[in-house]
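Colleague: This is input23.cif, which holds mmCIF, C-alpha atoms, pLDDT in the B column; chains and numbers go by the auth columns:
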```cif
data_coords
loop_
_atom_site.group_PDB
_atom_site.id
_atom_site.type_symbol
_atom_site.label_atom_id
_atom_site.label_comp_id
_atom_site.label_asym_id
_atom_site.label_seq_id
_atom_site.Cartn_x
_atom_site.Cartn_y
_atom_site.Cartn_z
_atom_site.B_iso_or_equiv
_atom_site.auth_seq_id
_atom_site.auth_asym_id
ATOM 1 C CA MET A 1 169.121 228.768 29.684 71.00 208 A
ATOM 2 C CA PRO A 2 167.458 229.196 33.096 85.00 209 A
ATOM 3 C CA SER A 3 163.917 227.951 33.565 93.00 210 A
ATOM 4 C CA LYS A 4 161.055 230.436 33.537 96.00 211 A
ATOM 5 C CA ALA A 5 158.337 227.841 34.121 97.00 212 A
ATOM 6 C CA VAL A 6 158.220 224.697 36.241 98.00 213 A
ATOM 7 C CA LEU A 7 155.504 222.160 35.495 98.00 214 A
ATOM 8 C CA PHE A 8 154.697 219.372 37.930 98.00 215 A
ATOM 9 C CA ASP A 9 152.925 216.144 37.091 98.00 216 A
ATOM 10 C CA LEU A 10 150.096 215.508 39.548 98.00 217 A
ATOM 11 C CA GLY A 11 149.559 211.758 40.004 97.00 218 A
ATOM 12 C CA GLY A 12 152.619 210.223 41.606 97.00 219 A
ATOM 13 C CA VAL A 13 154.288 213.579 42.298 98.00 220 A
ATOM 14 C CA LEU A 14 152.105 216.228 43.963 98.00 221 A
ATOM 15 C CA LEU A 15 149.288 213.732 44.478 98.00 222 A
ATOM 16 C CA PRO A 16 150.408 210.230 45.518 98.00 223 A
ATOM 17 C CA PHE A 17 148.004 207.535 44.396 97.00 224 A
ATOM 18 C CA ASP A 18 147.281 203.864 44.845 97.00 225 A
ATOM 19 C CA GLN A 19 145.225 201.958 42.268 97.00 226 A
ATOM 20 C CA GLU A 20 144.356 199.242 44.786 97.00 227 A
ATOM 21 C CA ARG A 21 143.010 201.846 47.208 97.00 228 A
ATOM 22 C CA ARG A 22 140.471 202.804 44.543 98.00 229 A
ATOM 23 C CA VAL A 23 139.676 199.183 43.730 98.00 230 A
ATOM 24 C CA ALA A 24 138.925 198.559 47.418 98.00 231 A
ATOM 25 C CA ALA A 25 136.767 201.694 47.706 98.00 232 A
ATOM 26 C CA ILE A 26 134.698 200.798 44.646 98.00 233 A
ATOM 27 C CA ALA A 27 134.349 197.139 45.646 97.00 234 A
ATOM 28 C CA ARG A 28 133.168 198.169 49.102 97.00 235 A
ATOM 29 C CA GLN A 29 130.700 200.831 47.980 97.00 236 A
ATOM 30 C CA LEU A 30 129.253 199.060 44.944 97.00 237 A
ATOM 31 C CA GLU A 31 129.565 195.512 46.323 97.00 238 A
ATOM 32 C CA VAL A 32 131.300 194.230 43.193 97.00 239 A
ATOM 33 C CA GLU A 33 134.295 191.982 42.598 97.00 240 A
ATOM 34 C CA ALA A 34 137.738 193.577 42.640 97.00 241 A
ATOM 35 C CA ARG A 35 138.745 191.748 39.444 97.00 242 A
ATOM 36 C CA ASP A 36 135.802 193.334 37.580 97.00 243 A
ATOM 37 C CA ILE A 37 136.908 196.796 38.711 97.00 244 A
ATOM 38 C CA ARG A 38 140.487 196.098 37.630 98.00 245 A
ATOM 39 C CA ASP A 39 139.190 194.956 34.238 97.00 246 A
ATOM 40 C CA LEU A 40 137.219 198.192 33.864 97.00 247 A
ATOM 41 C CA PHE A 41 140.265 200.326 34.679 97.00 248 A
ATOM 42 C CA ASP A 42 142.454 198.238 32.361 97.00 249 A
ATOM 43 C CA GLY A 43 139.993 198.892 29.524 98.00 250 A
ATOM 44 C CA PRO A 44 139.601 201.923 27.243 98.00 251 A
ATOM 45 C CA LEU A 45 137.361 204.092 29.455 98.00 252 A
ATOM 46 C CA PRO A 46 140.067 205.627 31.705 97.00 253 A
ATOM 47 C CA ARG A 47 142.176 206.678 28.691 97.00 254 A
ATOM 48 C CA GLN A 48 139.076 208.075 27.016 98.00 255 A
ATOM 49 C CA MET A 49 138.410 210.175 30.104 98.00 256 A
ATOM 50 C CA ASP A 50 142.038 211.348 30.153 97.00 257 A
ATOM 51 C CA ARG A 51 141.629 212.514 26.536 97.00 258 A
ATOM 52 C CA GLY A 52 138.364 214.313 27.285 97.00 259 A
ATOM 53 C CA GLU A 53 136.298 211.771 25.311 98.00 260 A
ATOM 54 C CA ALA A 54 134.452 210.444 28.383 98.00 261 A
ATOM 55 C CA ASP A 55 133.562 211.787 31.813 97.00 262 A
ATOM 56 C CA GLU A 56 132.105 210.749 35.150 97.00 263 A
ATOM 57 C CA THR A 57 128.708 210.148 33.511 98.00 264 A
ATOM 58 C CA ASP A 58 130.283 207.409 31.408 98.00 265 A
ATOM 59 C CA PHE A 59 131.913 205.938 34.510 98.00 266 A
ATOM 60 C CA ALA A 60 128.581 206.119 36.342 98.00 267 A
ATOM 61 C CA ALA A 61 127.041 204.021 33.557 98.00 268 A
ATOM 62 C CA ALA A 62 129.932 201.541 33.698 98.00 269 A
ATOM 63 C CA PHE A 63 129.692 201.282 37.487 98.00 270 A
ATOM 64 C CA ALA A 64 125.917 200.816 37.227 98.00 271 A
ATOM 65 C CA GLU A 65 126.414 197.988 34.751 97.00 272 A
ATOM 66 C CA LEU A 66 128.929 196.314 37.093 96.00 273 A
ATOM 67 C CA SER A 67 126.780 196.669 40.201 97.00 274 A
ATOM 68 C CA GLY A 68 123.315 196.247 38.710 97.00 275 A
ATOM 69 C CA ARG A 69 122.050 199.420 40.347 96.00 276 A
ATOM 70 C CA PRO A 70 122.006 203.137 39.484 97.00 277 A
ATOM 71 C CA VAL A 71 125.174 205.107 40.226 98.00 278 A
ATOM 72 C CA ALA A 72 125.075 208.912 40.195 98.00 279 A
ATOM 73 C CA PRO A 73 127.801 210.797 38.302 98.00 280 A
ATOM 74 C CA ALA A 74 128.814 212.525 41.560 98.00 281 A
ATOM 75 C CA THR A 75 129.339 209.130 43.171 98.00 282 A
ATOM 76 C CA ALA A 76 131.344 207.937 40.183 98.00 283 A
ATOM 77 C CA ARG A 77 133.493 211.051 40.418 98.00 284 A
ATOM 78 C CA ALA A 78 134.184 210.463 44.112 98.00 285 A
ATOM 79 C CA LEU A 79 135.064 206.842 43.412 98.00 286 A
ATOM 80 C CA ILE A 80 137.443 207.829 40.610 98.00 287 A
ATOM 81 C CA LEU A 81 139.153 210.310 42.950 98.00 288 A
ATOM 82 C CA SER A 82 139.478 207.691 45.689 98.00 289 A
ATOM 83 C CA VAL A 83 142.721 206.615 43.984 98.00 290 A
ATOM 84 C CA PHE A 84 144.501 209.602 45.544 98.00 291 A
ATOM 85 C CA GLU A 85 146.149 209.449 48.937 96.00 292 A
ATOM 86 C CA ALA A 86 147.112 212.433 51.103 96.00 293 A
ATOM 87 C CA PRO A 87 148.732 215.174 48.997 97.00 294 A
ATOM 88 C CA ASN A 88 152.514 215.521 49.078 97.00 295 A
ATOM 89 C CA ASP A 89 152.385 218.624 51.295 96.00 296 A
ATOM 90 C CA GLU A 90 156.142 219.218 51.201 97.00 297 A
ATOM 91 C CA LEU A 91 156.075 219.505 47.406 97.00 298 A
ATOM 92 C CA TRP A 92 152.987 221.723 47.423 98.00 299 A
ATOM 93 C CA ARG A 93 154.832 224.087 49.787 96.00 300 A
ATOM 94 C CA LEU A 94 157.877 223.962 47.512 97.00 301 A
ATOM 95 C CA ALA A 95 155.674 224.788 44.505 97.00 302 A
ATOM 96 C CA GLY A 96 154.397 227.814 46.420 95.00 303 A
ATOM 97 C CA ASP A 97 157.969 228.935 47.152 95.00 304 A
ATOM 98 C CA LEU A 98 158.954 228.548 43.494 96.00 305 A
ATOM 99 C CA ARG A 99 155.950 230.616 42.440 95.00 306 A
ATOM 100 C CA ARG A 100 157.620 233.722 43.916 94.00 307 A
ATOM 101 C CA THR A 101 160.043 233.831 40.982 95.00 308 A
ATOM 102 C CA LEU A 102 158.747 231.400 38.341 96.00 309 A
ATOM 103 C CA ILE A 103 155.601 230.300 36.574 97.00 310 A
ATOM 104 C CA VAL A 104 154.578 227.141 38.452 98.00 311 A
ATOM 105 C CA GLY A 105 151.950 224.957 36.852 98.00 312 A
ATOM 106 C CA GLY A 106 150.887 221.396 36.317 98.00 313 A
ATOM 107 C CA PHE A 107 150.820 218.996 33.371 98.00 314 A
ATOM 108 C CA SER A 108 148.743 215.918 34.069 98.00 315 A
ATOM 109 C CA ASP A 109 146.924 213.083 32.319 97.00 316 A
ATOM 110 C CA ASN A 110 143.667 213.627 34.183 96.00 317 A
ATOM 111 C CA PRO A 111 140.296 215.332 33.999 97.00 318 A
ATOM 112 C CA ALA A 112 140.087 218.810 35.515 96.00 319 A
ATOM 113 C CA PHE A 113 137.957 217.614 38.444 97.00 320 A
ATOM 114 C CA VAL A 114 141.169 216.293 39.999 97.00 321 A
ATOM 115 C CA ARG A 115 141.495 219.858 41.345 96.00 322 A
ATOM 116 C CA GLU A 116 139.038 218.703 44.023 96.00 323 A
ATOM 117 C CA VAL A 117 141.823 216.771 45.772 97.00 324 A
ATOM 118 C CA PHE A 118 144.313 219.662 45.805 97.00 325 A
ATOM 119 C CA PRO A 119 145.169 220.666 49.382 96.00 326 A
ATOM 120 C CA PRO A 120 143.087 223.547 50.775 93.00 327 A
ATOM 121 C CA GLY A 121 144.490 226.848 49.522 91.00 328 A
ATOM 122 C CA ALA A 122 146.976 225.147 47.166 91.00 329 A
ATOM 123 C CA TYR A 123 147.426 226.837 43.832 88.00 330 A
ATOM 124 C CA ILE A 124 149.375 226.070 40.682 96.00 331 A
ATOM 125 C CA GLU A 125 148.620 227.815 37.416 96.00 332 A
ATOM 126 C CA PRO A 126 148.524 227.259 34.515 97.00 333 A
ATOM 127 C CA MET A 127 147.161 223.772 34.895 98.00 334 A
ATOM 128 C CA PHE A 128 147.306 221.589 31.785 98.00 335 A
ATOM 129 C CA PHE A 129 144.890 218.673 32.073 98.00 336 A
ATOM 130 C CA SER A 130 144.960 216.122 29.264 98.00 337 A
ATOM 131 C CA ALA A 131 141.151 216.079 29.191 97.00 338 A
ATOM 132 C CA GLU A 132 141.143 219.808 28.382 97.00 339 A
ATOM 133 C CA ILE A 133 143.994 219.830 25.855 98.00 340 A
ATOM 134 C CA ARG A 134 142.631 216.564 24.366 97.00 341 A
ATOM 135 C CA ALA A 135 146.012 214.843 24.323 97.00 342 A
ATOM 136 C CA CYS A 136 147.950 212.672 26.764 97.00 343 A
ATOM 137 C CA LYS A 137 151.634 212.536 27.557 98.00 344 A
ATOM 138 C CA PRO A 138 153.976 211.500 26.018 98.00 345 A
ATOM 139 C CA SER A 139 152.306 212.414 22.710 97.00 346 A
ATOM 140 C CA PRO A 140 153.810 215.340 20.771 97.00 347 A
ATOM 141 C CA GLU A 141 150.334 216.924 20.678 97.00 348 A
ATOM 142 C CA ALA A 142 150.241 217.207 24.468 98.00 349 A
ATOM 143 C CA PHE A 143 153.625 218.907 24.642 98.00 350 A
ATOM 144 C CA GLU A 144 152.790 221.181 21.691 97.00 351 A
ATOM 145 C CA ALA A 145 149.621 222.364 23.424 97.00 352 A
ATOM 146 C CA VAL A 146 151.575 223.281 26.546 97.00 353 A
ATOM 147 C CA GLU A 147 154.282 225.085 24.566 96.00 354 A
ATOM 148 C CA ALA A 148 151.703 227.077 22.624 96.00 355 A
ATOM 149 C CA SER A 149 149.967 228.163 25.815 97.00 356 A
ATOM 150 C CA LEU A 150 153.148 229.097 27.691 97.00 357 A
ATOM 151 C CA SER A 151 154.722 230.933 24.731 94.00 358 A
ATOM 152 C CA LEU A 152 158.182 230.100 26.058 95.00 359 A
ATOM 153 C CA PRO A 153 161.171 228.523 24.327 95.00 360 A
ATOM 154 C CA PRO A 154 161.350 224.809 25.213 96.00 361 A
ATOM 155 C CA ALA A 155 164.653 225.287 27.059 96.00 362 A
ATOM 156 C CA GLU A 156 162.902 227.597 29.552 97.00 363 A
ATOM 157 C CA ILE A 157 160.411 224.907 30.635 98.00 364 A
ATOM 158 C CA LEU A 158 161.334 222.545 33.466 98.00 365 A
ATOM 159 C CA PHE A 159 159.125 219.458 33.780 98.00 366 A
ATOM 160 C CA ILE A 160 158.947 217.002 36.694 98.00 367 A
ATOM 161 C CA ASP A 161 157.172 213.672 36.148 98.00 368 A
ATOM 162 C CA ASP A 162 157.318 210.213 37.692 98.00 369 A
ATOM 163 C CA THR A 163 157.147 208.380 34.339 98.00 370 A
ATOM 164 C CA ALA A 164 160.359 207.885 32.352 98.00 371 A
ATOM 165 C CA ALA A 165 158.627 208.023 28.944 98.00 372 A
ATOM 166 C CA ASN A 166 157.144 211.445 29.732 98.00 373 A
ATOM 167 C CA VAL A 167 160.511 212.801 30.886 98.00 374 A
ATOM 168 C CA GLU A 168 162.191 211.426 27.751 98.00 375 A
ATOM 169 C CA ALA A 169 159.542 213.036 25.534 98.00 376 A
ATOM 170 C CA ALA A 170 160.082 216.390 27.249 98.00 377 A
ATOM 171 C CA LEU A 171 163.863 216.162 26.871 98.00 378 A
ATOM 172 C CA ALA A 172 163.481 215.242 23.194 98.00 379 A
ATOM 173 C CA ARG A 173 161.537 218.498 22.672 97.00 380 A
ATOM 174 C CA GLY A 174 164.295 220.544 24.292 97.00 381 A
ATOM 175 C CA TRP A 175 162.650 220.963 27.686 98.00 382 A
ATOM 176 C CA ASP A 176 164.644 220.546 30.864 98.00 383 A
ATOM 177 C CA ALA A 177 163.126 217.586 32.708 98.00 384 A
ATOM 178 C CA PHE A 178 163.824 215.036 35.364 98.00 385 A
ATOM 179 C CA ARG A 179 162.074 212.039 36.828 98.00 386 A
ATOM 180 C CA PHE A 180 160.547 212.266 40.286 98.00 387 A
ATOM 181 C CA THR A 181 161.454 209.417 42.632 97.00 388 A
ATOM 182 C CA ASP A 182 161.232 211.068 46.066 97.00 389 A
ATOM 183 C CA ASN A 183 161.166 214.495 47.672 98.00 390 A
ATOM 184 C CA ALA A 184 164.831 214.583 48.666 97.00 391 A
ATOM 185 C CA ARG A 185 165.984 213.777 45.143 97.00 392 A
ATOM 186 C CA LEU A 186 163.629 216.372 43.640 97.00 393 A
ATOM 187 C CA ILE A 187 164.972 219.055 45.985 97.00 394 A
ATOM 188 C CA ALA A 188 168.530 218.069 45.031 97.00 395 A
ATOM 189 C CA ASP A 189 167.684 218.188 41.312 96.00 396 A
ATOM 190 C CA LEU A 190 166.190 221.671 41.748 96.00 397 A
ATOM 191 C CA ALA A 191 169.192 222.836 43.776 96.00 398 A
ATOM 192 C CA ALA A 192 171.501 221.667 40.997 95.00 399 A
ATOM 193 C CA ARG A 193 169.618 224.122 38.766 95.00 400 A
ATOM 194 C CA GLY A 194 169.872 226.959 41.283 93.00 401 A
ATOM 195 C CA LEU A 195 166.245 226.545 42.440 93.00 402 A
ATOM 196 C CA PRO A 196 164.437 227.608 44.498 78.00 403 A
#
```
What do you get writing this file as structure tokens?
Modeller:
Amino acid sequence: MPSKAVLFDLGGVLLPFDQERRVAAIARQLEVEARDIRDLFDGPLPRQMDRGEADETDFAAAFAELSGRPVAPATARALILSVFEAPNDELWRLAGDLRRTLIVGGFSDNPAFVREVFPPGAYIEPMFFSAEIRACKPSPEAFEAVEASLSLPPAEILFIDDTAANVEAALARGWDAFRFTDNARLIADLAARGLP
């Protein structure tokens, strides 16, 4: 069955990221030890934010505790987003091309404020953020929420993610899915499906 919707993961696909880039940015701005930042991001708070149970205010409090000085939520938000590198412009253009004939959206374990690092003028919709659907991949609840919103048979949903467990979960539900490794391979995988 041909796809009617293509959903892209954000982090690691449309939005390359580097955890150590964020560690360096936080260490520099807050004058704290890198190991303490890594410990914070290895703890429960990031997953709580991904599930919509915490936000930048909670991170501001955690950063303030680490640094011993007040940290505004807007600063915490900027520091959280510092993990992202330059957007994968080639894939954003490809998503725009696909949008001429398909629903092209995103499915990401992130809070909605990640939209702030989308390239200027870039658009994918619907956008399924884990913090809004209150479930993270690869949980069945996350995939169920997306299916309910799209109102499409699973076989008509194509999902592209850089994490094997998420791709396997999608395939187990009857979605078409493949793992992103690089742009050339993604373009080849789409071409094998007659896309774009």
Colleague: Could you make a table, as CSV, of the residues of range 257-359 of chain A that have an atom within 12 Å of an atom of range 381-392 of chain A, each with its nearest atom pair and distance in Å to one decimal, counting all atoms listed in the file, in chain and number order?
Modeller:
```
residue,atom,partner,partner_atom,distance
A:Asn295,CA,A:Asn390,CA,8.8
A:Asp296,CA,A:Asn390,CA,10.4
A:Glu297,CA,A:Asn390,CA,7.7
A:Leu298,CA,A:Asn390,CA,7.1
A:Trp299,CA,A:Asn390,CA,10.9
A:Arg300,CA,A:Asn390,CA,11.7
A:Leu301,CA,A:Asn390,CA,10.0
A:Phe350,CA,A:Trp382,CA,9.7
A:Glu351,CA,A:Trp382,CA,11.5
A:Val353,CA,A:Trp382,CA,11.4
A:Glu354,CA,A:Trp382,CA,9.8
A:Leu359,CA,A:Trp382,CA,10.3
```
Colleague: Could you tell me, as a list of chain:residue names, exactly which residues end up selected when the PyMOL selection byres ((chain A and resi 224) around 7) is applied to this structure?
Modeller: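 Answer for the PyMOL selection byres ((chain A and resi 224) around 7): A:Gly218, A:Gly219, A:Leu222, A:Pro223, A:Asp225, A:Gln226, A:Val290, A:Phe291, A:Glu292.
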Colleague: So, counting all atoms listed in the file, which residue among A:Ala342, A:Leu221, A:Ala212, A:Ala231 is closest to Ala329 in chain A?
Modeller: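 Going through A:Ala342, A:Leu221, A:Ala212, A:Ala231 one by one, the smallest distance to Ala329 in chain A is for A:Leu221.
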Colleague: In Å, how far is it from CA of Pro333 in chain A to CA of Gly313 in chain A?
Modeller: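 Atom-to-atom, CA of Pro333 in chain A and CA of Gly313 in chain A are spaced 6.6 Å apart.
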Colleague: A:Ala338, A:Leu365, A:Leu237, A:Leu217: which is nearest Pro277 in chain A, counting all atoms listed in the file?
Modeller: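 Result for the nearest residue to Pro277 in chain A: A:Leu237.
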Colleague: Considering all atoms listed in the file, can you say which of A:Pro327, A:Asp246, A:Ile233, A:Asn317 comes closest to Thr282 in chain A?
Modeller: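 Once distances to Thr282 in chain A are computed over all atoms listed in the file, the minimum belongs to A:Ile233.
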Colleague: Just the number, please: distance in Å from CA of Leu252 in chain A to CA of Ala355 in chain A, one decimal.
Modeller: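 Separating CA of Leu252 in chain A from CA of Ala355 in chain A is a distance of 27.9 Å.
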Colleague: Would you kindly translate the PyMOL selection byres ((chain A and resi 258) around 6) into the concrete residues it picks from this file, as an MDAnalysis selection string?
Modeller: chainID A and resid 255:257 259:260 337:338 341:342
Colleague: Keeping only C-alpha atoms, write the selected residues as a PDB file, in the coordinates of the input.
Modeller:
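The resulting file, out_10.pdb, is shown below:
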```pdb
ATOM      1  CA  GLN A 255     139.076 208.075  27.016  1.00 98.00           C
ATOM      2  CA  MET A 256     138.410 210.175  30.104  1.00 98.00           C
ATOM      3  CA  ASP A 257     142.038 211.348  30.153  1.00 97.00           C
ATOM      4  CA  GLY A 259     138.364 214.313  27.285  1.00 97.00           C
ATOM      5  CA  GLU A 260     136.298 211.771  25.311  1.00 98.00           C
ATOM      6  CA  SER A 337     144.960 216.122  29.264  1.00 98.00           C
ATOM      7  CA  ALA A 338     141.151 216.079  29.191  1.00 97.00           C
ATOM      8  CA  ARG A 341     142.631 216.564  24.366  1.00 97.00           C
ATOM      9  CA  ALA A 342     146.012 214.843  24.323  1.00 97.00           C
TER      10      ALA A 342
END
```
Colleague: Just the residues within 9 Å of Ala267 in chain A, please, counting all atoms listed in the file, with nothing from its chain fewer than 4 positions along; format it as a VMD selection string.
Modeller: chain A and resid 262 to 263 271 to 272 277 to 284
Colleague: What is the distance between CA of Phe366 in chain A and CA of Leu214 in chain A, in Å to one decimal?
Modeller: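 Separation of CA of Phe366 in chain A and CA of Leu214 in chain A: 4.8 Å.
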Colleague: Name the closest residue to Phe215 in chain A among the candidates A:Leu273, A:Val239, A:Cys343, A:Ile367; distances are taken between atoms, counting only C-alpha atoms.
Modeller: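 For Phe215 in chain A, the nearest of the candidates is A:Ile367.
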Colleague: Point out the residue among A:Leu305, A:Leu286, A:Ala261, A:Ile340 with the least atom-to-atom distance to Ala398 in chain A, counting all atoms listed in the file.
Modeller: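 Among A:Leu305, A:Leu286, A:Ala261, A:Ile340, it is A:Leu305 that comes nearest to Ala398 in chain A.
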Colleague: Using only C-alpha atoms for the distances, tell me which of A:Lys344, A:Arg322, A:Arg245, A:Arg380 is nearest to Phe270 in chain A.
Modeller: A:Arg245
Colleague: With the input short on atoms, add N, CA and C atoms back to range 238-258 of chain A and write it as a PDB file, in the frame of the given file.
Modeller:
```
ATOM      1  N   GLU A 238     129.714 196.943  46.068  1.00 97.00           N
ATOM      2  CA  GLU A 238     129.565 195.512  46.323  1.00 97.00           C
ATOM      3  C   GLU A 238     129.770 194.702  45.050  1.00 97.00           C
ATOM      4  N   VAL A 239     130.929 194.947  44.412  1.00 97.00           N
ATOM      5  CA  VAL A 239     131.300 194.230  43.193  1.00 97.00           C
ATOM      6  C   VAL A 239     132.666 193.592  43.398  1.00 97.00           C
ATOM      7  N   GLU A 240     133.028 192.699  42.503  1.00 97.00           N
ATOM      8  CA  GLU A 240     134.295 191.982  42.598  1.00 97.00           C
ATOM      9  C   GLU A 240     135.462 192.875  42.192  1.00 97.00           C
ATOM     10  N   ALA A 241     136.546 192.783  42.928  1.00 97.00           N
ATOM     11  CA  ALA A 241     137.738 193.577  42.640  1.00 97.00           C
ATOM     12  C   ALA A 241     138.253 193.322  41.233  1.00 97.00           C
ATOM     13  N   ARG A 242     138.210 192.066  40.782  1.00 97.00           N
ATOM     14  CA  ARG A 242     138.745 191.748  39.444  1.00 97.00           C
ATOM     15  C   ARG A 242     137.947 192.469  38.353  1.00 97.00           C
ATOM     16  N   ASP A 243     136.628 192.635  38.568  1.00 97.00           N
ATOM     17  CA  ASP A 243     135.802 193.334  37.580  1.00 97.00           C
ATOM     18  C   ASP A 243     136.167 194.820  37.522  1.00 97.00           C
ATOM     19  N   ILE A 244     136.492 195.386  38.666  1.00 97.00           N
ATOM     20  CA  ILE A 244     136.908 196.796  38.711  1.00 97.00           C
ATOM     21  C   ILE A 244     138.257 196.950  38.010  1.00 97.00           C
ATOM     22  N   ARG A 245     139.180 196.035  38.295  1.00 98.00           N
ATOM     23  CA  ARG A 245     140.487 196.098  37.630  1.00 98.00           C
ATOM     24  C   ARG A 245     140.323 195.985  36.118  1.00 98.00           C
ATOM     25  N   ASP A 246     139.435 195.102  35.682  1.00 97.00           N
ATOM     26  CA  ASP A 246     139.190 194.956  34.238  1.00 97.00           C
ATOM     27  C   ASP A 246     138.664 196.256  33.642  1.00 97.00           C
ATOM     28  N   LEU A 247     137.761 196.920  34.355  1.00 97.00           N
ATOM     29  CA  LEU A 247     137.219 198.192  33.864  1.00 97.00           C
ATOM     30  C   LEU A 247     138.332 199.224  33.714  1.00 97.00           C
ATOM     31  N   PHE A 248     139.199 199.320  34.724  1.00 97.00           N
ATOM     32  CA  PHE A 248     140.265 200.326  34.679  1.00 97.00           C
ATOM     33  C   PHE A 248     141.410 199.935  33.745  1.00 97.00           C
ATOM     34  N   ASP A 249     141.477 198.665  33.370  1.00 97.00           N
ATOM     35  CA  ASP A 249     142.454 198.238  32.361  1.00 97.00           C
ATOM     36  C   ASP A 249     141.913 198.420  30.949  1.00 97.00           C
ATOM     37  N   GLY A 250     140.637 198.720  30.829  1.00 98.00           N
ATOM     38  CA  GLY A 250     139.993 198.892  29.524  1.00 98.00           C
ATOM     39  C   GLY A 250     140.165 200.299  28.977  1.00 98.00           C
ATOM     40  N   PRO A 251     139.425 200.637  27.934  1.00 98.00           N
ATOM     41  CA  PRO A 251     139.601 201.923  27.243  1.00 98.00           C
ATOM     42  C   PRO A 251     139.019 203.143  27.962  1.00 98.00           C
ATOM     43  N   LEU A 252     138.072 202.948  28.872  1.00 98.00           N
ATOM     44  CA  LEU A 252     137.361 204.092  29.455  1.00 98.00           C
ATOM     45  C   LEU A 252     138.268 205.085  30.187  1.00 98.00           C
ATOM     46  N   PRO A 253     139.205 204.646  31.030  1.00 97.00           N
ATOM     47  CA  PRO A 253     140.067 205.627  31.705  1.00 97.00           C
ATOM     48  C   PRO A 253     140.869 206.500  30.725  1.00 97.00           C
ATOM     49  N   ARG A 254     141.402 205.891  29.668  1.00 97.00           N
ATOM     50  CA  ARG A 254     142.176 206.678  28.691  1.00 97.00           C
ATOM     51  C   ARG A 254     141.257 207.634  27.937  1.00 97.00           C
ATOM     52  N   GLN A 255     140.031 207.181  27.669  1.00 98.00           N
ATOM     53  CA  GLN A 255     139.076 208.075  27.016  1.00 98.00           C
ATOM     54  C   GLN A 255     138.785 209.284  27.897  1.00 98.00           C
ATOM     55  N   MET A 256     138.638 209.051  29.199  1.00 98.00           N
ATOM     56  CA  MET A 256     138.410 210.175  30.104  1.00 98.00           C
ATOM     57  C   MET A 256     139.629 211.093  30.127  1.00 98.00           C
ATOM     58  N   ASP A 257     140.829 210.524  30.155  1.00 97.00           N
ATOM     59  CA  ASP A 257     142.038 211.348  30.153  1.00 97.00           C
ATOM     60  C   ASP A 257     142.124 212.217  28.908  1.00 97.00           C
ATOM     61  N   ARG A 258     141.593 211.740  27.787  1.00 97.00           N
ATOM     62  CA  ARG A 258     141.629 212.514  26.536  1.00 97.00           C
ATOM     63  C   ARG A 258     140.413 213.424  26.378  1.00 97.00           C
TER      64      ARG A 258
END
```
